[in-house]
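Visitor: The structure that follows is given in the form of structure tokens.
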Protein chains: 2
Amino acid sequence: MGEFDLIARYFHRAATRSPLGVGDDCALLQPGPGMQLAVSSDMLVEGRHFLSTVDPAALGHKALAVNLSDLAACGAAPLAFTLALSLPAVDERWLEGFAKGLFALADRARCELVGGDTTRGPLSICITVFGEVPAGEALLRSGAREGDDIWVSGHLGDARLSLEAFRGKVSLPQDVFEQARRRMERPDPRVELGVALRGVATAAIDVSDGLMGDLSHLLRASAVGARLEAEPLAMLLAAGGDLAPLRRLELVLAGGDDYELVFTAPAGHREAVLDAGLRSDTDVTRVGRVEAAAGVRVVDGSGQAIHGDFASFDHFG
Amino acid sequence: MGEFDLIARYFHRAATRSPLGVGDDCALLQPGPGMQLAVSSDMLVEGRHFLSTVDPAALGHKALAVNLSDLAACGAAPLAFTLALSLPAVDERWLEGFAKGLFALADRARCELVGGDTTRGPLSICITVFGEVPAGEALLRSGAREGDDIWVSGHLGDARLSLEAFRGKVSLPQDVFEQARRRMERPDPRVELGVALRGVATAAIDVSDGLMGDLSHLLRASAVGARLEAEPLAMLLAAGGDLAPLRRLELVLAGGDDYELVFTAPAGHREAVLDAGLRSDTDVTRVGRVEAAAGVRVVDGSGQAIHGDFASFDHFG
């Protein structure tokens, strides 16, 4: 099967929103009047971001999900994506599964495949995603101000817990493991929440490398620091009820692969944040406050500092 | 060195044209009023598209050039690009050379790096490029009509000739080899020509997999066929003067990696095409005519059909 037949067979679908479908030299996109285009690229590499044994449908889902999560962090509504795929061989069962997982999420997010590239090589997937956001309303990392609340969406640490269980470093009951594994393999990008937070949040970032590391990027971009409360944080781990509190906290803070949003908002916007959570059917939890002093301080219920291994997972670490 | 320091050191430059520079969750782009955004992604993989011994500056140039060539084929003016890079290790000399070659072309094309991703893994480079074109004026593959002239830009076949010399299948004088090698390693995307052909050409595609194969995509998209003249075609090979005429023709038709434009235009636009070539300082050569019957016929000066190994290079062939 030639490259072009392959693309046509698994990835050619009728375009419904872009002026031109897959198959010309370029795709054409036209953001609405007054809209800016938000763009993000992520590359997933076998052995680094996923194992060769992963379900291809889960991989198709995740490859798009991590990109949609970047749109969510900017408050952008998904429009379209390109897919560049390097494959060691033409494996039709693999392609069918991958396309199924990819398009199921793409359809749900109303995000259309508009172009890309296919080549032979080590398995890797590079997606570039496009969304639109009214000019000037994108959520940036640089907008947090002293006194703002710090919020996170959904759950944190479960993806990392699943990875630790895979590695045999922790033992989990089967149902707990399955729940954690699902969060690692099928993250749910918080696109609706991101859009609902336009005009409500002052800054946002998505949690891909761990809350501590990603929040630190946001704080540095805003030239502020933060105080985080250990008790609400430790509750964010959905699975792993038997773990010691400090271990739970480490998983939540340093876990990675969560694809939740961490965002800041003025205390006067608490009702609006909760309302955005309700409208997007997403849990939101207040976990701390922006302070003037640089750095992140984690404190217990009585305000005492807690120290632990909260460093971020780094792909070149 | 951590991933983020690495990105900052080699790839963080001040943004001058996009509303937001590198470093947030998304880049923001805003095409001008009435403009559409043209988007293309290409992935280059070590061992498939380049050898590990390639000069990193040449690789940085080529990785962007092949994407700019897609914009050229649509008549879009470059705006910005994202870069996703998978690297087996942090090699500072390599990164410095790669960035130098990449940004030299980016600056020349006024195409700004606005975001991307870096990960550890087998060496591969995925660039997504963005350009703008007035709505409705993009050059598509589907606009060729019976009777249109067929034109190509620059030279064809030299990149493939260089590859054959690398493989020891042909022997070339040193200066001829260097000239051909430069065309393989440093293709010059025909961006200015593409823009100048708006409203002049009826269809266009860039030649990446070989003239015969890429022209066939254009013809199929336009539901037409073509007759090509062997004599002007054979002259398109810049190097390789000693080769037999049929071998020259094979290199021109099936070569690949040329990154020239092949385009169609009505006979009444001949002056306009030559003027577009002059304005963009690019040679253009008329090589045939669009016909109603499907397929491509190559003929000699007396109209006799010529048969040869003109099939296209296919990455999955």
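Following the order of the structure tokens, first chain is A, next is B, and so on, with residues numbered from 1 inside each chain and ligands from 1 in the order they appear.
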Using only C-alpha atoms, I'd like every residue of chain A that has an atom within 8 Å of chain B; please write them out as a PyMOL selection string.
Guide: chain A and resi 1-3+24-31+35-43+45-48+70-71+73-74+82-86+115-122+126+128+140-141+205-206+314-317
Visitor: Can those selected residues be exported to a file as a short mmCIF file (atom, residue, chain, number, x, y, z; two decimals), in the first residue's frame so that it contains N, CA and C atoms?
Guide:
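The new file part-v1.cif reads:
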data_model
loop_
_atom_site.label_atom_id
_atom_site.label_comp_id
_atom_site.auth_asym_id
_atom_site.auth_seq_id
_atom_site.Cartn_x
_atom_site.Cartn_y
_atom_site.Cartn_z
N MET A 1 0.85 -1.20 0.00
CA MET A 1 0.00 0.00 0.00
C MET A 1 0.88 1.24 0.00
N GLY A 2 0.65 2.17 -0.94
CA GLY A 2 1.44 3.39 -1.02
C GLY A 2 1.04 4.38 0.05
N GLU A 3 1.93 5.35 0.26
CA GLU A 3 1.69 6.36 1.29
C GLU A 3 0.37 7.08 1.09
N ASP A 24 -4.61 19.13 -0.25
CA ASP A 24 -3.88 20.10 -1.07
C ASP A 24 -2.54 20.37 -0.40
N ASP A 25 -1.73 21.29 -0.95
CA ASP A 25 -0.42 21.55 -0.35
C ASP A 25 -0.56 22.13 1.04
N CYS A 26 -1.56 22.97 1.22
CA CYS A 26 -1.84 23.54 2.54
C CYS A 26 -3.31 23.35 2.85
N ALA A 27 -3.64 23.41 4.13
CA ALA A 27 -5.02 23.57 4.55
C ALA A 27 -5.28 25.07 4.67
N LEU A 28 -6.52 25.48 4.50
CA LEU A 28 -6.88 26.89 4.66
C LEU A 28 -7.80 27.04 5.86
N LEU A 29 -7.50 28.00 6.71
CA LEU A 29 -8.30 28.26 7.90
C LEU A 29 -8.69 29.73 7.91
N GLN A 30 -9.88 30.00 8.36
CA GLN A 30 -10.29 31.39 8.47
C GLN A 30 -10.97 31.63 9.81
N PRO A 31 -10.22 32.20 10.78
CA PRO A 31 -10.86 32.51 12.06
C PRO A 31 -11.99 33.52 11.85
N MET A 35 -11.48 37.33 15.80
CA MET A 35 -10.92 36.18 16.52
C MET A 35 -9.42 36.05 16.22
N GLN A 36 -8.67 35.61 17.25
CA GLN A 36 -7.28 35.21 17.02
C GLN A 36 -7.22 33.70 16.94
N LEU A 37 -6.21 33.21 16.25
CA LEU A 37 -5.99 31.78 16.14
C LEU A 37 -4.96 31.36 17.19
N ALA A 38 -5.33 30.40 18.04
CA ALA A 38 -4.39 29.85 19.02
C ALA A 38 -3.82 28.56 18.43
N VAL A 39 -2.51 28.39 18.54
CA VAL A 39 -1.80 27.29 17.89
C VAL A 39 -0.89 26.59 18.88
N SER A 40 -0.90 25.26 18.89
CA SER A 40 0.05 24.52 19.73
C SER A 40 0.47 23.23 19.05
N SER A 41 1.72 22.83 19.26
CA SER A 41 2.27 21.59 18.70
C SER A 41 2.80 20.69 19.80
N ASP A 42 2.50 19.41 19.75
CA ASP A 42 3.11 18.46 20.67
C ASP A 42 3.53 17.22 19.91
N MET A 43 4.66 16.66 20.30
CA MET A 43 5.16 15.44 19.67
C MET A 43 5.21 14.33 20.71
N VAL A 45 6.52 10.43 21.37
CA VAL A 45 7.52 9.51 20.85
C VAL A 45 7.42 8.18 21.61
N GLU A 46 7.43 7.07 20.85
CA GLU A 46 7.38 5.75 21.49
C GLU A 46 8.58 5.58 22.42
N GLY A 47 8.31 5.01 23.58
CA GLY A 47 9.38 4.75 24.54
C GLY A 47 9.59 5.92 25.49
N ARG A 48 9.11 7.10 25.07
CA ARG A 48 9.26 8.28 25.92
C ARG A 48 7.90 8.68 26.49
N ASP A 70 -3.72 22.21 25.61
CA ASP A 70 -3.06 23.51 25.44
C ASP A 70 -4.05 24.59 24.98
N LEU A 71 -4.97 24.21 24.10
CA LEU A 71 -6.02 25.17 23.71
C LEU A 71 -6.84 25.56 24.93
N ALA A 73 -6.02 25.67 27.99
CA ALA A 73 -5.27 26.55 28.88
C ALA A 73 -5.24 27.99 28.37
N CYS A 74 -5.56 28.19 27.10
CA CYS A 74 -5.65 29.55 26.53
C CYS A 74 -7.09 30.02 26.41
N THR A 82 -3.55 19.39 12.39
CA THR A 82 -2.78 18.62 11.41
C THR A 82 -2.10 17.48 12.15
N LEU A 83 -1.84 16.41 11.43
CA LEU A 83 -1.26 15.19 12.00
C LEU A 83 -0.05 14.78 11.17
N ALA A 84 1.13 14.72 11.78
CA ALA A 84 2.30 14.15 11.12
C ALA A 84 2.65 12.88 11.86
N LEU A 85 2.75 11.80 11.09
CA LEU A 85 2.84 10.47 11.67
C LEU A 85 4.06 9.77 11.08
N SER A 86 4.96 9.30 11.94
CA SER A 86 6.09 8.48 11.49
C SER A 86 5.82 7.06 11.97
N GLY A 115 -4.95 18.34 7.54
CA GLY A 115 -3.76 18.07 6.75
C GLY A 115 -2.72 17.34 7.56
N GLY A 116 -1.57 17.10 6.93
CA GLY A 116 -0.51 16.45 7.66
C GLY A 116 0.48 15.75 6.77
N ASP A 117 1.12 14.77 7.31
CA ASP A 117 2.24 14.12 6.64
C ASP A 117 2.36 12.71 7.20
N THR A 118 2.78 11.77 6.38
CA THR A 118 3.02 10.40 6.82
C THR A 118 4.37 9.96 6.30
N THR A 119 5.17 9.33 7.13
CA THR A 119 6.47 8.86 6.67
C THR A 119 6.83 7.58 7.40
N ARG A 120 7.79 6.84 6.84
CA ARG A 120 8.29 5.66 7.53
C ARG A 120 9.40 6.07 8.47
N GLY A 121 9.38 5.53 9.70
CA GLY A 121 10.40 5.88 10.68
C GLY A 121 9.99 5.37 12.04
N PRO A 122 10.76 5.70 13.08
CA PRO A 122 10.38 5.28 14.43
C PRO A 122 9.00 5.86 14.77
N CYS A 126 3.11 13.78 15.70
CA CYS A 126 3.19 15.22 15.95
C CYS A 126 1.89 15.85 15.50
N THR A 128 -0.43 19.39 15.45
CA THR A 128 -0.54 20.82 15.67
C THR A 128 -2.02 21.15 15.65
N LEU A 140 -3.55 33.85 29.44
CA LEU A 140 -2.10 33.75 29.34
C LEU A 140 -1.53 33.28 30.67
N ARG A 141 -0.22 32.97 30.66
CA ARG A 141 0.44 32.59 31.90
C ARG A 141 0.79 33.82 32.74
N ILE A 205 -2.62 27.60 32.91
CA ILE A 205 -1.66 26.72 32.24
C ILE A 205 -2.21 25.32 32.39
N ASP A 206 -1.86 24.42 31.48
CA ASP A 206 -2.30 23.04 31.69
C ASP A 206 -1.20 22.25 32.37
N ASP A 314 10.79 16.14 34.19
CA ASP A 314 11.35 16.90 33.06
C ASP A 314 11.85 15.90 32.02
N HIS A 315 11.41 16.05 30.75
CA HIS A 315 11.77 15.07 29.72
C HIS A 315 13.26 14.99 29.45
N PHE A 316 14.01 16.04 29.87
CA PHE A 316 15.46 15.96 29.72
C PHE A 316 16.16 15.83 31.07
N GLY A 317 15.39 15.56 32.14
CA GLY A 317 15.98 15.49 33.49
C GLY A 317 16.79 14.21 33.67
#
Visitor: Based on the backbone DSSP call, show me all residues of stretch 22-224 of chain B assigned strand (DSSP E), as JSON, numbers by chain.
Guide: {"B": [27, 28, 29, 35, 36, 37, 38, 39, 40, 41, 42, 43, 44, 45, 77, 78, 79, 80, 81, 82, 83, 84, 85, 86, 87, 112, 113, 114, 115, 116, 117, 118, 119, 120, 124, 125, 126, 127, 128, 129, 130, 131, 132, 133, 134, 149, 150, 151, 152, 153, 203, 204, 205, 206, 207]}
Visitor: For stretch 303-307 of chain B, please output as a PDB file with N, CA and C atoms, in the first residue's frame all residues within 12 Å (counting only C-alpha atoms; exclusion window: fewer than 6 positions along the same chain).
Guide:
ATOM      1  N   ARG B 227       0.319  16.439 -21.519  1.00  0.00           N
ATOM      2  CA  ARG B 227       1.330  16.062 -22.498  1.00  0.00           C
ATOM      3  C   ARG B 227       2.558  16.896 -22.151  1.00  0.00           C
ATOM      4  N   LEU B 228       3.688  16.206 -21.912  1.00  0.00           N
ATOM      5  CA  LEU B 228       4.920  16.901 -21.543  1.00  0.00           C
ATOM      6  C   LEU B 228       5.933  16.760 -22.659  1.00  0.00           C
ATOM      7  N   GLU B 229       6.721  17.788 -22.888  1.00  0.00           N
ATOM      8  CA  GLU B 229       7.724  17.774 -23.962  1.00  0.00           C
ATOM      9  C   GLU B 229       9.095  17.464 -23.392  1.00  0.00           C
ATOM     10  N   ALA B 230       9.725  16.404 -23.936  1.00  0.00           N
ATOM     11  CA  ALA B 230      10.980  15.894 -23.384  1.00  0.00           C
ATOM     12  C   ALA B 230      12.116  16.910 -23.487  1.00  0.00           C
ATOM     13  N   GLU B 231      12.146  17.687 -24.560  1.00  0.00           N
ATOM     14  CA  GLU B 231      13.309  18.560 -24.777  1.00  0.00           C
ATOM     15  C   GLU B 231      13.454  19.650 -23.714  1.00  0.00           C
ATOM     16  N   PRO B 245      20.518  11.508 -22.657  1.00  0.00           N
ATOM     17  CA  PRO B 245      19.256  12.251 -22.607  1.00  0.00           C
ATOM     18  C   PRO B 245      18.137  11.532 -21.840  1.00  0.00           C
ATOM     19  N   LEU B 246      17.998  10.216 -22.025  1.00  0.00           N
ATOM     20  CA  LEU B 246      16.907   9.508 -21.346  1.00  0.00           C
ATOM     21  C   LEU B 246      17.138   9.480 -19.841  1.00  0.00           C
ATOM     22  N   ARG B 247      18.405   9.350 -19.435  1.00  0.00           N
ATOM     23  CA  ARG B 247      18.723   9.332 -18.007  1.00  0.00           C
ATOM     24  C   ARG B 247      18.447  10.708 -17.393  1.00  0.00           C
ATOM     25  N   LEU B 249      16.212  12.758 -18.442  1.00  0.00           N
ATOM     26  CA  LEU B 249      14.760  12.871 -18.389  1.00  0.00           C
ATOM     27  C   LEU B 249      14.206  12.121 -17.172  1.00  0.00           C
ATOM     28  N   GLU B 250      14.772  10.946 -16.895  1.00  0.00           N
ATOM     29  CA  GLU B 250      14.314  10.174 -15.730  1.00  0.00           C
ATOM     30  C   GLU B 250      14.567  10.935 -14.425  1.00  0.00           C
ATOM     31  N   LEU B 253      12.041  13.795 -14.178  1.00  0.00           N
ATOM     32  CA  LEU B 253      10.637  13.394 -13.994  1.00  0.00           C
ATOM     33  C   LEU B 253      10.396  12.640 -12.690  1.00  0.00           C
ATOM     34  N   GLY B 288       4.819  21.824 -21.157  1.00  0.00           N
ATOM     35  CA  GLY B 288       3.764  20.986 -21.726  1.00  0.00           C
ATOM     36  C   GLY B 288       2.413  21.655 -21.654  1.00  0.00           C
ATOM     37  N   VAL B 296      -0.365  11.059 -18.070  1.00  0.00           N
ATOM     38  CA  VAL B 296       0.683  11.949 -18.559  1.00  0.00           C
ATOM     39  C   VAL B 296       1.406  11.275 -19.716  1.00  0.00           C
ATOM     40  N   ARG B 297       1.503  11.969 -20.835  1.00  0.00           N
ATOM     41  CA  ARG B 297       2.227  11.480 -21.999  1.00  0.00           C
ATOM     42  C   ARG B 297       3.469  12.342 -22.207  1.00  0.00           C
TER      43      ARG B 297
END
Visitor: So how many Å separate atom CA of A:Pro134 and atom CA of A:Tyr259, to one decimal?
Guide: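 Value for the atom CA of A:Pro134-atom CA of A:Tyr259 distance: 23.3 Å.
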Visitor: What residues in stretch 30-218 of chain A get the DSSP label alpha helix (DSSP H)? Please answer as a count of residues only.
Guide: 71
Visitor: Could you pull the residues within 7 Å of B:Gly154, counting only C-alpha atoms, minus those fewer than 3 positions along the same chain, as an MDAnalysis selection string?
Guide: chainID B and resid 260 282:284
